[in-house]
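Engineer: Structure file target-v9.cif, mmCIF, C-alpha atoms, is pasted below:
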```
data_input
loop_
_atom_site.group_PDB
_atom_site.id
_atom_site.type_symbol
_atom_site.label_atom_id
_atom_site.label_comp_id
_atom_site.auth_asym_id
_atom_site.auth_seq_id
_atom_site.Cartn_x
_atom_site.Cartn_y
_atom_site.Cartn_z
ATOM 1 C CA MET A 160 -1.756 11.031 19.294
ATOM 2 C CA ILE A 161 -3.475 13.125 16.641
ATOM 3 C CA THR A 162 -4.376 16.713 17.398
ATOM 4 C CA HIS A 163 -6.980 18.497 15.295
ATOM 5 C CA GLY A 164 -9.787 21.009 15.510
ATOM 6 C CA LYS A 165 -12.380 18.229 15.436
ATOM 7 C CA ASN A 166 -12.501 15.052 17.462
ATOM 8 C CA ILE A 167 -11.509 11.846 15.681
ATOM 9 C CA LYS A 168 -13.352 8.692 16.609
ATOM 10 C CA ILE A 169 -12.713 5.092 15.531
ATOM 11 C CA PHE A 170 -15.615 2.633 15.594
ATOM 12 C CA THR A 171 -15.934 -0.972 14.506
ATOM 13 C CA GLY A 172 -18.563 -3.560 13.768
ATOM 14 C CA ASN A 173 -18.151 -7.284 14.363
ATOM 15 C CA SER A 174 -16.278 -8.252 11.184
ATOM 16 C CA HIS A 175 -12.722 -7.571 12.422
ATOM 17 C CA PRO A 176 -12.559 -5.809 15.821
ATOM 18 C CA LYS A 177 -8.921 -6.828 16.328
ATOM 19 C CA LEU A 178 -7.826 -4.919 13.223
ATOM 20 C CA ALA A 179 -9.802 -1.885 14.381
ATOM 21 C CA LYS A 180 -8.087 -2.019 17.774
ATOM 22 C CA ASP A 181 -4.654 -2.376 16.148
ATOM 23 C CA ILE A 182 -5.344 0.689 13.991
ATOM 24 C CA ALA A 183 -6.628 2.677 16.973
ATOM 25 C CA ASP A 184 -3.599 1.692 19.067
ATOM 26 C CA ILE A 185 -1.212 2.966 16.369
ATOM 27 C CA LEU A 186 -3.132 6.256 16.310
ATOM 28 C CA GLY A 187 -3.104 6.449 20.113
ATOM 29 C CA LEU A 188 -6.885 6.362 20.289
ATOM 30 C CA PRO A 189 -9.500 4.173 21.963
ATOM 31 C CA VAL A 190 -12.038 2.245 19.912
ATOM 32 C CA GLY A 191 -15.375 4.035 20.199
ATOM 33 C CA ASN A 192 -17.938 2.829 22.699
ATOM 34 C CA SER A 193 -20.550 1.031 20.649
ATOM 35 C CA LYS A 194 -22.371 -2.273 20.635
ATOM 36 C CA VAL A 195 -23.540 -4.118 17.535
ATOM 37 C CA GLY A 196 -25.775 -7.116 18.138
ATOM 38 C CA THR A 197 -29.043 -8.597 16.928
ATOM 39 C CA PHE A 198 -32.652 -8.614 18.010
ATOM 40 C CA SER A 199 -34.273 -11.989 18.604
ATOM 41 C CA ASP A 200 -35.518 -12.113 15.001
ATOM 42 C CA GLY A 201 -32.004 -11.551 13.602
ATOM 43 C CA GLU A 202 -32.269 -7.837 12.776
ATOM 44 C CA ILE A 203 -29.099 -5.818 13.427
ATOM 45 C CA SER A 204 -29.125 -3.750 16.621
ATOM 46 C CA VAL A 205 -26.693 -0.815 16.989
ATOM 47 C CA ASP A 206 -26.035 1.239 20.131
ATOM 48 C CA ILE A 207 -23.639 4.201 19.959
ATOM 49 C CA ASN A 208 -22.777 4.990 23.569
ATOM 50 C CA GLU A 209 -20.853 8.252 23.172
ATOM 51 C CA THR A 210 -21.388 11.554 21.448
ATOM 52 C CA VAL A 211 -20.198 11.942 17.861
ATOM 53 C CA ARG A 212 -21.633 15.405 17.138
ATOM 54 C CA GLY A 213 -19.262 17.233 14.803
ATOM 55 C CA ALA A 214 -16.667 14.437 15.022
ATOM 56 C CA ASP A 215 -14.592 12.927 12.232
ATOM 57 C CA VAL A 216 -15.861 9.324 12.433
ATOM 58 C CA PHE A 217 -14.095 6.327 10.882
ATOM 59 C CA VAL A 218 -16.085 3.066 10.787
ATOM 60 C CA ILE A 219 -13.816 0.046 10.256
ATOM 61 C CA GLN A 220 -15.713 -2.898 8.816
ATOM 62 C CA SER A 221 -14.797 -5.492 6.191
ATOM 63 C CA THR A 222 -17.767 -6.922 4.320
ATOM 64 C CA ASN A 223 -16.624 -10.533 4.313
ATOM 65 C CA SER A 224 -18.592 -13.608 5.399
ATOM 66 C CA PRO A 225 -21.234 -13.394 6.760
ATOM 67 C CA VAL A 226 -21.266 -10.677 4.123
ATOM 68 C CA ASN A 227 -24.911 -9.642 4.460
ATOM 69 C CA ASP A 228 -24.661 -9.234 8.241
ATOM 70 C CA ASN A 229 -21.393 -7.310 8.034
ATOM 71 C CA LEU A 230 -22.688 -5.059 5.275
ATOM 72 C CA MET A 231 -25.889 -4.287 7.187
ATOM 73 C CA GLU A 232 -23.860 -3.547 10.327
ATOM 74 C CA LEU A 233 -21.825 -1.015 8.369
ATOM 75 C CA LEU A 234 -24.889 0.616 6.812
ATOM 76 C CA ILE A 235 -26.827 0.838 10.079
ATOM 77 C CA MET A 236 -23.844 2.201 12.014
ATOM 78 C CA MET A 237 -23.322 4.941 9.423
ATOM 79 C CA ASP A 238 -27.013 5.807 9.516
ATOM 80 C CA ALA A 239 -26.762 6.127 13.294
ATOM 81 C CA PHE A 240 -23.722 8.423 13.026
ATOM 82 C CA LYS A 241 -25.381 10.561 10.358
ATOM 83 C CA ARG A 242 -28.506 11.001 12.487
ATOM 84 C CA ALA A 243 -26.281 11.834 15.484
ATOM 85 C CA SER A 244 -24.790 14.768 13.523
ATOM 86 C CA ALA A 245 -21.287 13.372 12.952
ATOM 87 C CA GLY A 246 -19.168 15.932 11.125
ATOM 88 C CA ARG A 247 -17.789 13.479 8.541
ATOM 89 C CA ILE A 248 -18.176 9.718 8.172
ATOM 90 C CA THR A 249 -15.511 7.610 6.478
ATOM 91 C CA ALA A 250 -16.308 3.975 5.729
ATOM 92 C CA VAL A 251 -13.041 2.061 6.167
ATOM 93 C CA ILE A 252 -13.619 -1.183 4.266
ATOM 94 C CA PRO A 253 -10.398 -3.242 4.139
ATOM 95 C CA TYR A 254 -12.217 -5.914 2.094
ATOM 96 C CA TYR A 255 -15.059 -4.766 -0.161
ATOM 97 C CA GLY A 256 -17.522 -7.605 -0.652
ATOM 98 C CA TYR A 257 -19.890 -8.073 -3.608
ATOM 99 C CA ALA A 258 -17.092 -6.752 -5.841
ATOM 100 C CA ARG A 259 -16.959 -9.667 -8.281
ATOM 101 C CA GLN A 260 -20.171 -8.688 -10.061
ATOM 102 C CA ASP A 261 -18.826 -5.422 -11.446
ATOM 103 C CA ARG A 262 -20.387 -5.594 -14.915
ATOM 104 C CA LYS A 263 -23.045 -7.472 -16.878
ATOM 105 C CA ALA A 264 -21.276 -10.601 -18.081
ATOM 106 C CA LYS A 265 -24.520 -11.960 -19.522
ATOM 107 C CA SER A 266 -28.127 -10.908 -19.919
ATOM 108 C CA ARG A 267 -30.059 -10.008 -16.758
ATOM 109 C CA ASP A 268 -26.961 -9.966 -14.515
ATOM 110 C CA PRO A 269 -27.021 -7.568 -11.544
ATOM 111 C CA ILE A 270 -24.119 -5.214 -10.904
ATOM 112 C CA THR A 271 -23.850 -5.699 -7.159
ATOM 113 C CA ALA A 272 -20.614 -3.719 -6.809
ATOM 114 C CA LYS A 273 -22.492 -0.601 -7.930
ATOM 115 C CA LEU A 274 -25.545 -1.437 -5.789
ATOM 116 C CA VAL A 275 -23.391 -1.722 -2.660
ATOM 117 C CA ALA A 276 -21.629 1.551 -3.529
ATOM 118 C CA ASP A 277 -25.029 3.268 -3.710
ATOM 119 C CA LEU A 278 -26.112 1.746 -0.395
ATOM 120 C CA ILE A 279 -22.939 2.916 1.353
ATOM 121 C CA THR A 280 -23.381 6.450 0.037
ATOM 122 C CA THR A 281 -27.081 6.567 0.917
ATOM 123 C CA ALA A 282 -26.386 5.281 4.441
ATOM 124 C CA GLY A 283 -24.261 8.359 5.118
ATOM 125 C CA ALA A 284 -20.653 7.800 4.073
ATOM 126 C CA ASP A 285 -18.826 10.982 3.056
ATOM 127 C CA ARG A 286 -15.805 9.058 1.799
ATOM 128 C CA VAL A 287 -14.527 5.482 1.535
ATOM 129 C CA LEU A 288 -11.119 3.996 2.347
ATOM 130 C CA THR A 289 -10.483 0.502 1.006
ATOM 131 C CA MET A 290 -7.757 -1.813 -0.290
ATOM 132 C CA ASP A 291 -7.316 -3.764 -3.534
ATOM 133 C CA LEU A 292 -10.770 -3.679 -5.045
ATOM 134 C CA HIS A 293 -11.416 -6.738 -7.175
ATOM 135 C CA ALA A 294 -11.874 -4.420 -10.163
ATOM 136 C CA SER A 295 -10.363 -0.936 -10.239
ATOM 137 C CA GLN A 296 -13.373 0.529 -12.049
ATOM 138 C CA ILE A 297 -15.427 0.122 -8.850
ATOM 139 C CA GLN A 298 -13.786 3.362 -7.720
ATOM 140 C CA GLY A 299 -15.959 5.086 -10.322
ATOM 141 C CA TYR A 300 -19.153 3.613 -8.887
ATOM 142 C CA PHE A 301 -18.938 6.075 -5.986
ATOM 143 C CA ASN A 302 -19.909 9.728 -6.251
ATOM 144 C CA ILE A 303 -17.942 10.472 -3.085
ATOM 145 C CA PRO A 304 -14.152 10.446 -2.580
ATOM 146 C CA LEU A 305 -12.608 6.966 -2.464
ATOM 147 C CA ASP A 306 -9.039 6.224 -1.405
ATOM 148 C CA HIS A 307 -7.735 2.929 -2.784
ATOM 149 C CA LEU A 308 -4.759 1.416 -0.946
ATOM 150 C CA MET A 309 -2.562 -1.264 -2.504
ATOM 151 C CA GLY A 310 -1.503 -4.543 -0.901
ATOM 152 C CA VAL A 311 1.451 -5.261 -3.208
ATOM 153 C CA PRO A 312 3.971 -3.090 -1.292
ATOM 154 C CA ILE A 313 3.330 -4.990 1.957
ATOM 155 C CA LEU A 314 3.503 -8.404 0.299
ATOM 156 C CA ALA A 315 6.587 -7.554 -1.753
ATOM 157 C CA LYS A 316 8.386 -6.236 1.328
ATOM 158 C CA TYR A 317 7.843 -9.591 3.045
ATOM 159 C CA TYR A 318 9.510 -11.490 0.199
ATOM 160 C CA LEU A 319 12.316 -8.938 -0.071
ATOM 161 C CA GLU A 320 13.090 -9.413 3.616
ATOM 162 C CA LYS A 321 13.217 -13.179 3.032
ATOM 163 C CA GLY A 322 15.911 -12.663 0.391
ATOM 164 C CA PHE A 323 13.884 -13.424 -2.741
ATOM 165 C CA ARG A 324 15.239 -10.347 -4.517
ATOM 166 C CA GLU A 325 18.771 -11.734 -4.420
ATOM 167 C CA ASP A 326 17.654 -15.025 -5.964
ATOM 168 C CA ASP A 327 18.132 -15.245 -9.707
ATOM 169 C CA ASP A 328 15.714 -18.148 -9.934
ATOM 170 C CA VAL A 329 12.545 -16.322 -8.797
ATOM 171 C CA VAL A 330 9.605 -15.878 -11.170
ATOM 172 C CA ILE A 331 6.385 -13.987 -10.422
ATOM 173 C CA VAL A 332 3.261 -15.694 -11.768
ATOM 174 C CA SER A 333 -0.112 -14.145 -12.529
ATOM 175 C CA PRO A 334 -2.823 -16.804 -11.979
ATOM 176 C CA ASP A 335 -4.994 -15.289 -14.719
ATOM 177 C CA LEU A 336 -4.978 -12.504 -17.286
ATOM 178 C CA GLY A 337 -6.876 -10.154 -14.975
ATOM 179 C CA SER A 338 -4.051 -10.113 -12.425
ATOM 180 C CA VAL A 339 -1.236 -9.280 -14.841
ATOM 181 C CA THR A 340 -0.943 -5.613 -13.789
ATOM 182 C CA ARG A 341 -0.713 -6.568 -10.116
ATOM 183 C CA ALA A 342 1.859 -9.285 -10.843
ATOM 184 C CA ARG A 343 3.914 -6.840 -12.917
ATOM 185 C CA MET A 344 4.021 -4.341 -10.022
ATOM 186 C CA PHE A 345 5.124 -7.169 -7.746
ATOM 187 C CA ALA A 346 7.766 -8.364 -10.222
ATOM 188 C CA ASP A 347 9.175 -4.838 -10.556
ATOM 189 C CA ARG A 348 9.755 -4.652 -6.818
ATOM 190 C CA LEU A 349 11.595 -7.980 -6.752
ATOM 191 C CA HIS A 350 13.370 -7.359 -10.085
ATOM 192 C CA ALA A 351 12.077 -10.737 -11.233
ATOM 193 C CA PRO A 352 10.651 -12.033 -14.542
ATOM 194 C CA MET A 353 6.976 -12.889 -15.009
ATOM 195 C CA ALA A 354 4.875 -15.794 -16.182
ATOM 196 C CA ILE A 355 1.133 -15.823 -16.905
ATOM 197 C CA ILE A 356 -1.415 -18.607 -16.541
ATOM 198 C CA ASP A 357 -4.120 -18.665 -19.203
ATOM 199 C CA LYS A 358 -7.127 -19.861 -17.219
ATOM 200 C CA ARG A 359 -10.597 -20.743 -18.422
ATOM 201 C CA ARG A 360 -13.485 -20.808 -15.960
ATOM 202 C CA PRO A 361 -16.404 -23.017 -17.104
ATOM 203 C CA LYS A 362 -18.642 -21.850 -14.213
ATOM 204 C CA ALA A 363 -18.494 -19.871 -10.964
ATOM 205 C CA ASN A 364 -15.919 -21.078 -8.402
ATOM 206 C CA VAL A 365 -14.582 -23.665 -10.872
ATOM 207 C CA SER A 366 -11.366 -23.021 -12.778
ATOM 208 C CA GLU A 367 -9.376 -24.987 -15.321
ATOM 209 C CA ILE A 368 -5.694 -24.452 -16.078
ATOM 210 C CA MET A 369 -5.101 -24.277 -19.809
ATOM 211 C CA ASN A 370 -1.622 -22.940 -20.519
ATOM 212 C CA ILE A 371 1.362 -21.261 -18.853
ATOM 213 C CA ILE A 372 3.117 -18.438 -20.695
ATOM 214 C CA GLY A 373 6.704 -18.043 -19.518
ATOM 215 C CA ASP A 374 9.567 -20.083 -18.110
ATOM 216 C CA VAL A 375 9.091 -21.618 -14.652
ATOM 217 C CA ARG A 376 11.304 -24.697 -14.846
ATOM 218 C CA GLY A 377 13.783 -24.881 -11.974
ATOM 219 C CA LYS A 378 12.510 -21.606 -10.484
ATOM 220 C CA LYS A 379 10.858 -20.470 -7.267
ATOM 221 C CA ALA A 380 7.420 -19.355 -8.424
ATOM 222 C CA ILE A 381 5.380 -16.776 -6.495
ATOM 223 C CA LEU A 382 1.691 -16.649 -7.429
ATOM 224 C CA VAL A 383 0.197 -13.176 -6.846
ATOM 225 C CA ASP A 384 -3.558 -12.512 -6.663
ATOM 226 C CA ASP A 385 -5.912 -9.995 -5.078
ATOM 227 C CA MET A 386 -8.116 -12.549 -3.348
ATOM 228 C CA ILE A 387 -8.417 -16.280 -2.746
ATOM 229 C CA ASP A 388 -11.933 -17.605 -2.199
ATOM 230 C CA THR A 389 -12.432 -21.358 -2.650
ATOM 231 C CA ALA A 390 -8.733 -21.668 -3.668
ATOM 232 C CA GLY A 391 -9.502 -23.707 -6.784
ATOM 233 C CA THR A 392 -7.613 -21.321 -9.057
ATOM 234 C CA ILE A 393 -4.558 -20.916 -6.864
ATOM 235 C CA ALA A 394 -4.298 -24.632 -6.009
ATOM 236 C CA ASN A 395 -4.654 -25.713 -9.644
ATOM 237 C CA ALA A 396 -2.135 -23.087 -10.702
ATOM 238 C CA ALA A 397 0.374 -24.205 -8.066
ATOM 239 C CA ASN A 398 0.054 -27.846 -9.059
ATOM 240 C CA ALA A 399 0.443 -26.955 -12.744
ATOM 241 C CA LEU A 400 3.594 -24.944 -11.997
ATOM 242 C CA LYS A 401 5.039 -27.855 -10.047
ATOM 243 C CA ASP A 402 4.204 -30.264 -12.867
ATOM 244 C CA LEU A 403 6.027 -27.978 -15.296
ATOM 245 C CA GLY A 404 9.193 -28.119 -13.240
ATOM 246 C CA ALA A 405 8.980 -25.236 -10.759
ATOM 247 C CA LYS A 406 11.366 -25.853 -7.864
ATOM 248 C CA GLU A 407 9.070 -24.263 -5.240
ATOM 249 C CA VAL A 408 5.655 -22.651 -5.379
ATOM 250 C CA HIS A 409 4.712 -19.798 -3.066
ATOM 251 C CA ALA A 410 1.480 -17.805 -3.159
ATOM 252 C CA CYS A 411 0.275 -14.485 -1.801
ATOM 253 C CA CYS A 412 -2.890 -12.417 -1.872
ATOM 254 C CA THR A 413 -4.419 -9.346 -0.265
ATOM 255 C CA HIS A 414 -7.743 -10.867 0.775
ATOM 256 C CA GLY A 415 -7.941 -14.383 2.196
ATOM 257 C CA VAL A 416 -11.679 -15.042 1.786
ATOM 258 C CA LEU A 417 -11.031 -18.797 2.136
ATOM 259 C CA SER A 418 -14.527 -20.214 1.874
ATOM 260 C CA GLY A 419 -15.739 -23.777 1.354
ATOM 261 C CA PRO A 420 -12.895 -26.250 0.676
ATOM 262 C CA ALA A 421 -10.174 -23.545 0.559
ATOM 263 C CA PHE A 422 -8.101 -24.698 3.537
ATOM 264 C CA GLU A 423 -8.127 -28.329 2.417
ATOM 265 C CA ARG A 424 -7.217 -27.409 -1.157
ATOM 266 C CA ILE A 425 -4.298 -25.222 -0.127
ATOM 267 C CA ASN A 426 -2.955 -27.747 2.356
ATOM 268 C CA ASN A 427 -3.150 -30.494 -0.286
ATOM 269 C CA SER A 428 -1.596 -28.360 -3.037
ATOM 270 C CA ALA A 429 1.999 -27.729 -4.064
ATOM 271 C CA ILE A 430 1.957 -24.340 -2.303
ATOM 272 C CA LYS A 431 4.792 -24.121 0.210
ATOM 273 C CA GLU A 432 3.492 -20.968 1.932
ATOM 274 C CA LEU A 433 0.451 -18.750 1.439
ATOM 275 C CA VAL A 434 0.968 -15.148 2.574
ATOM 276 C CA MET A 435 -2.125 -12.983 3.093
ATOM 277 C CA LEU A 436 -2.956 -9.589 4.505
ATOM 278 C CA ASN A 437 -5.324 -9.454 7.462
ATOM 279 C CA THR A 438 -8.070 -7.461 5.751
ATOM 280 C CA ILE A 439 -10.189 -10.471 6.745
ATOM 281 C CA ASP A 440 -9.729 -12.139 10.114
ATOM 282 C CA LEU A 441 -8.084 -15.554 9.784
ATOM 283 C CA PRO A 442 -10.080 -18.122 11.781
ATOM 284 C CA GLU A 443 -8.447 -20.154 14.515
ATOM 285 C CA ARG A 444 -7.737 -23.602 13.103
ATOM 286 C CA ASP A 445 -5.266 -26.438 13.589
ATOM 287 C CA ASP A 446 -4.229 -26.618 9.916
ATOM 288 C CA LEU A 447 -2.628 -23.203 9.407
ATOM 289 C CA ASN A 448 1.020 -24.264 9.045
ATOM 290 C CA LYS A 449 1.129 -23.041 5.438
ATOM 291 C CA PHE A 450 -0.583 -19.729 6.204
ATOM 292 C CA THR A 451 1.104 -16.428 7.081
ATOM 293 C CA SER A 452 -0.876 -13.265 7.873
ATOM 294 C CA LEU A 453 0.597 -9.766 7.576
ATOM 295 C CA SER A 454 -1.004 -6.729 9.221
ATOM 296 C CA VAL A 455 -2.520 -3.853 7.262
ATOM 297 C CA ALA A 456 -3.037 -1.823 10.455
ATOM 298 C CA PRO A 457 0.005 0.469 9.896
ATOM 299 C CA ILE A 458 -0.991 1.532 6.367
ATOM 300 C CA PHE A 459 -4.646 2.032 7.305
ATOM 301 C CA ALA A 460 -3.645 4.005 10.394
ATOM 302 C CA GLU A 461 -1.420 6.244 8.273
ATOM 303 C CA ALA A 462 -4.198 6.696 5.707
ATOM 304 C CA ILE A 463 -6.721 7.602 8.418
ATOM 305 C CA LYS A 464 -4.264 10.099 9.907
ATOM 306 C CA ARG A 465 -3.731 11.713 6.499
ATOM 307 C CA ILE A 466 -7.475 11.907 5.797
ATOM 308 C CA TYR A 467 -8.060 13.434 9.227
ATOM 309 C CA ASP A 468 -5.228 15.946 8.790
ATOM 310 C CA ASP A 469 -6.379 16.793 5.237
ATOM 311 C CA VAL A 470 -3.041 15.908 3.664
ATOM 312 C CA PRO A 471 -2.512 13.866 0.466
ATOM 313 C CA LEU A 472 -2.541 10.082 0.488
ATOM 314 C CA SER A 473 -0.626 9.822 -2.789
ATOM 315 C CA LYS A 474 2.604 8.930 -0.995
ATOM 316 C CA LEU A 475 0.943 5.757 0.320
ATOM 317 C CA PHE A 476 -0.023 4.696 -3.211
ATOM 318 C CA GLU A 477 3.595 4.995 -4.326
ATOM 319 C CA GLU A 478 5.127 2.849 -1.579
#
```
Take the structure in the file and write it out as structure tokens.
Structural biologist:
Amino acid sequence: MITHGKNIKIFTGNSHPKLAKDIADILGLPVGNSKVGTFSDGEISVDINETVRGADVFVIQSTNSPVNDNLMELLIMMDAFKRASAGRITAVIPYYGYARQDRKAKSRDPITAKLVADLITTAGADRVLTMDLHASQIQGYFNIPLDHLMGVPILAKYYLEKGFREDDDVVIVSPDLGSVTRARMFADRLHAPMAIIDKRRPKANVSEIMNIIGDVRGKKAILVDDMIDTAGTIANAANALKDLGAKEVHACCTHGVLSGPAFERINNSAIKELVMLNTIDLPERDDLNKFTSLSVAPIFAEAIKRIYDDVPLSKLFEE
């Protein structure tokens, strides 16, 4: 249990209440008494049923699908806390949606990552706690403190415990050039070599494998990415690795968005196991034999405790 001069309160919307409860349980706290529903016309309705005056409030809400509903829930809850005189409001966003449009790739493009950052700040957030933003520069879109946790340590630990570090035939594969830094961090932890897939994307949610840089023949390949959405990239990459002689293909990511044909593509691909973090709730399905979900509750609980106690979070970034 945390002791502090101010009360700490954990609240959640509807995006991932189980994760919020897991975090609260680790901290020895109850989840705050609130109700988030809708009016008959679909507008978000928020009821905060306990006092938050002067409290250190943490709102846990991923902005995954239905992204607009989950984002509006977060914004309206923070507005309610601000108007109820909460002492400090931290938006805990394990998965930050609208992050893929982080720059103008062509004329007249919006920059939705910046727009959402402005909305979160305007709604009342005093700081943000998130994990593995799709683009690191999004941290600079906020004019309030942002703590950026990393998923690689949790994923790498899983493979270390399965004995992959002792295997000389393991290779870490970046599915595109944008994920090279993440793959390198992962490879350093497993003391494994790297390979890179040169991918060209002709249009949104469609990817084409062009070339693989590195040696994968006869090796256990682990694909490392920050998020998997429709799974076209990761499935094509896995099949290409298998065609080039990889002995096994494993895959891991921080955010399992898994929209559209993702489950079918992964189940029909060469991927032996897909390991994800539970920043997004995995739906209950009958075809999840290839899927493994690891909890981020311990690292978020520790980060919340450190924010509340006003101690550095830098140790968490190094793990």
Engineer: For atom CA of Ala294 of chain A and atom CA of Val251 of chain A, determine how far apart the two atoms are, in Å to one decimal place.
Structural biologist: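 Between atom CA of Ala294 of chain A and atom CA of Val251 of chain A the gap works out to 17.6 Å.
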Engineer: Skipping near chain neighbours, those fewer than 6 positions away, what residues fall within 12 Å of Pro442 of chain A using all atoms listed in the file, listed as a PDB file with C-alpha atoms, keeping the file's coordinate frame?
Structural biologist:
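Final output, saved to result21.pdb:
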```
ATOM      1  CA  SER A 174     -16.278  -8.252  11.184  1.00  0.00           C
ATOM      2  CA  HIS A 175     -12.722  -7.571  12.422  1.00  0.00           C
ATOM      3  CA  SER A 224     -18.592 -13.608   5.399  1.00  0.00           C
ATOM      4  CA  GLY A 415      -7.941 -14.383   2.196  1.00  0.00           C
ATOM      5  CA  VAL A 416     -11.679 -15.042   1.786  1.00  0.00           C
ATOM      6  CA  LEU A 417     -11.031 -18.797   2.136  1.00  0.00           C
ATOM      7  CA  SER A 418     -14.527 -20.214   1.874  1.00  0.00           C
ATOM      8  CA  PHE A 422      -8.101 -24.698   3.537  1.00  0.00           C
ATOM      9  CA  PHE A 450      -0.583 -19.729   6.204  1.00  0.00           C
ATOM     10  CA  SER A 452      -0.876 -13.265   7.873  1.00  0.00           C
TER      11      SER A 452
END
```
Engineer: Might you pull out every residue within 7 Å of Leu382 of chain A, with all atoms listed in the file counted and same-chain residues fewer than 4 positions away left off, and present them as a short mmCIF file (atom, residue, chain, number, x, y, z; two decimals) with C-alpha atoms, in the coordinates of the input?
Structural biologist:
```
data_model
loop_
_atom_site.label_atom_id
_atom_site.label_comp_id
_atom_site.auth_asym_id
_atom_site.auth_seq_id
_atom_site.Cartn_x
_atom_site.Cartn_y
_atom_site.Cartn_z
CA ILE A 331 6.38 -13.99 -10.42
CA VAL A 332 3.26 -15.69 -11.77
CA SER A 333 -0.11 -14.14 -12.53
CA PRO A 334 -2.82 -16.80 -11.98
CA HIS A 409 4.71 -19.80 -3.07
CA ALA A 410 1.48 -17.80 -3.16
CA CYS A 411 0.28 -14.48 -1.80
#
```
Engineer: Restricting the calculation to all atoms listed in the file: of A:Ser295, A:Asn370, A:Thr389, A:Ser473, which residue gets closest to Gly419 of chain A?
Structural biologist: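 That would be A:Thr389, the residue with the smallest distance to Gly419 of chain A.
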Engineer: Going by the chain IDs and residue numbers used in this file, which residues fall under the PyMOL selection byres ((chain A and resi 189-191) around 10)? Write them as a list in words.
Structural biologist: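 So the PyMOL selection byres ((chain A and resi 189-191) around 10) ends up selecting Ile167, Lys168, Ile169, Phe170, Thr171, Pro176, Ala179, Lys180, Asp181, Ile182, Ala183, Asp184, Leu186, Gly187, Leu188, Asn192, Ser193, Lys194, Ile207, Asn208, Glu209, Thr210, Val211, Val216, Phe217 and Val218 of chain A.
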Engineer: Out of A:Pro225, A:Gln260, A:Leu230, A:Tyr467, which residue has the shortest atom-to-atom distance to Asn166 of chain A when counting only C-alpha atoms?
Structural biologist: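 For Asn166 of chain A, the nearest of the given residues is A:Tyr467.
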Engineer: A:Ile466, A:Met231, A:Arg348, A:Asp268: which is nearest Ala282 of chain A, counting only C-alpha atoms?
Structural biologist: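 Among the listed residues, A:Met231 lies closest to Ala282 of chain A.
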Engineer: For Gly310 of chain A, which of A:Ala351, A:Leu178, A:Ile371, A:Met344 is the closest residue, counting all atoms listed in the file?
Structural biologist: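 Distance minimum relative to Gly310 of chain A lands on A:Met344.
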Engineer: When you draw a straight line from atom CA of Glu461 of chain A to atom CA of Ala214 of chain A, how long is it in Å?
Structural biologist: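 Separation between atom CA of Glu461 of chain A and atom CA of Ala214 of chain A: 18.6 Å.
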Engineer: Quick one: residues within 12 Å of Met353 of chain A, only C-alpha atoms counted, chain neighbours fewer than 4 positions away excluded, as an NGL selection string?
Structural biologist: :A and (328-334 or 338-349 or 371-375 or 378-383)
Engineer: Using only C-alpha atoms, pick whichever of A:Gly377, A:Gly391, A:Pro420, A:Gly256 has the shortest atom-to-atom distance to Val408 of chain A.
Structural biologist: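 Among A:Gly377, A:Gly391, A:Pro420, A:Gly256, it is A:Gly377 that comes nearest to Val408 of chain A.
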Engineer: Distance atom CA of Lys165 of chain A-atom CA of Arg465 of chain A, one decimal place?
Structural biologist: 14.0 Å
Engineer: For Ser454 of chain A, which residue out of A:Gly337, A:Pro253, A:Gly246, A:Pro471 is the nearest one, using all atoms listed in the file?
Structural biologist: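 Comparing A:Gly337, A:Pro253, A:Gly246, A:Pro471 against Ser454 of chain A, the winner is A:Pro253.
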Engineer: If we count all atoms listed in the file and set the cut-off at 12 Å, which residues sit around Ile297 of chain A, ignoring sequence neighbours fewer than 5 positions away in its own chain? Please answer as a ChimeraX atom specification.
Structural biologist: /A:255-262,270-277,287,289-292,302,305-307
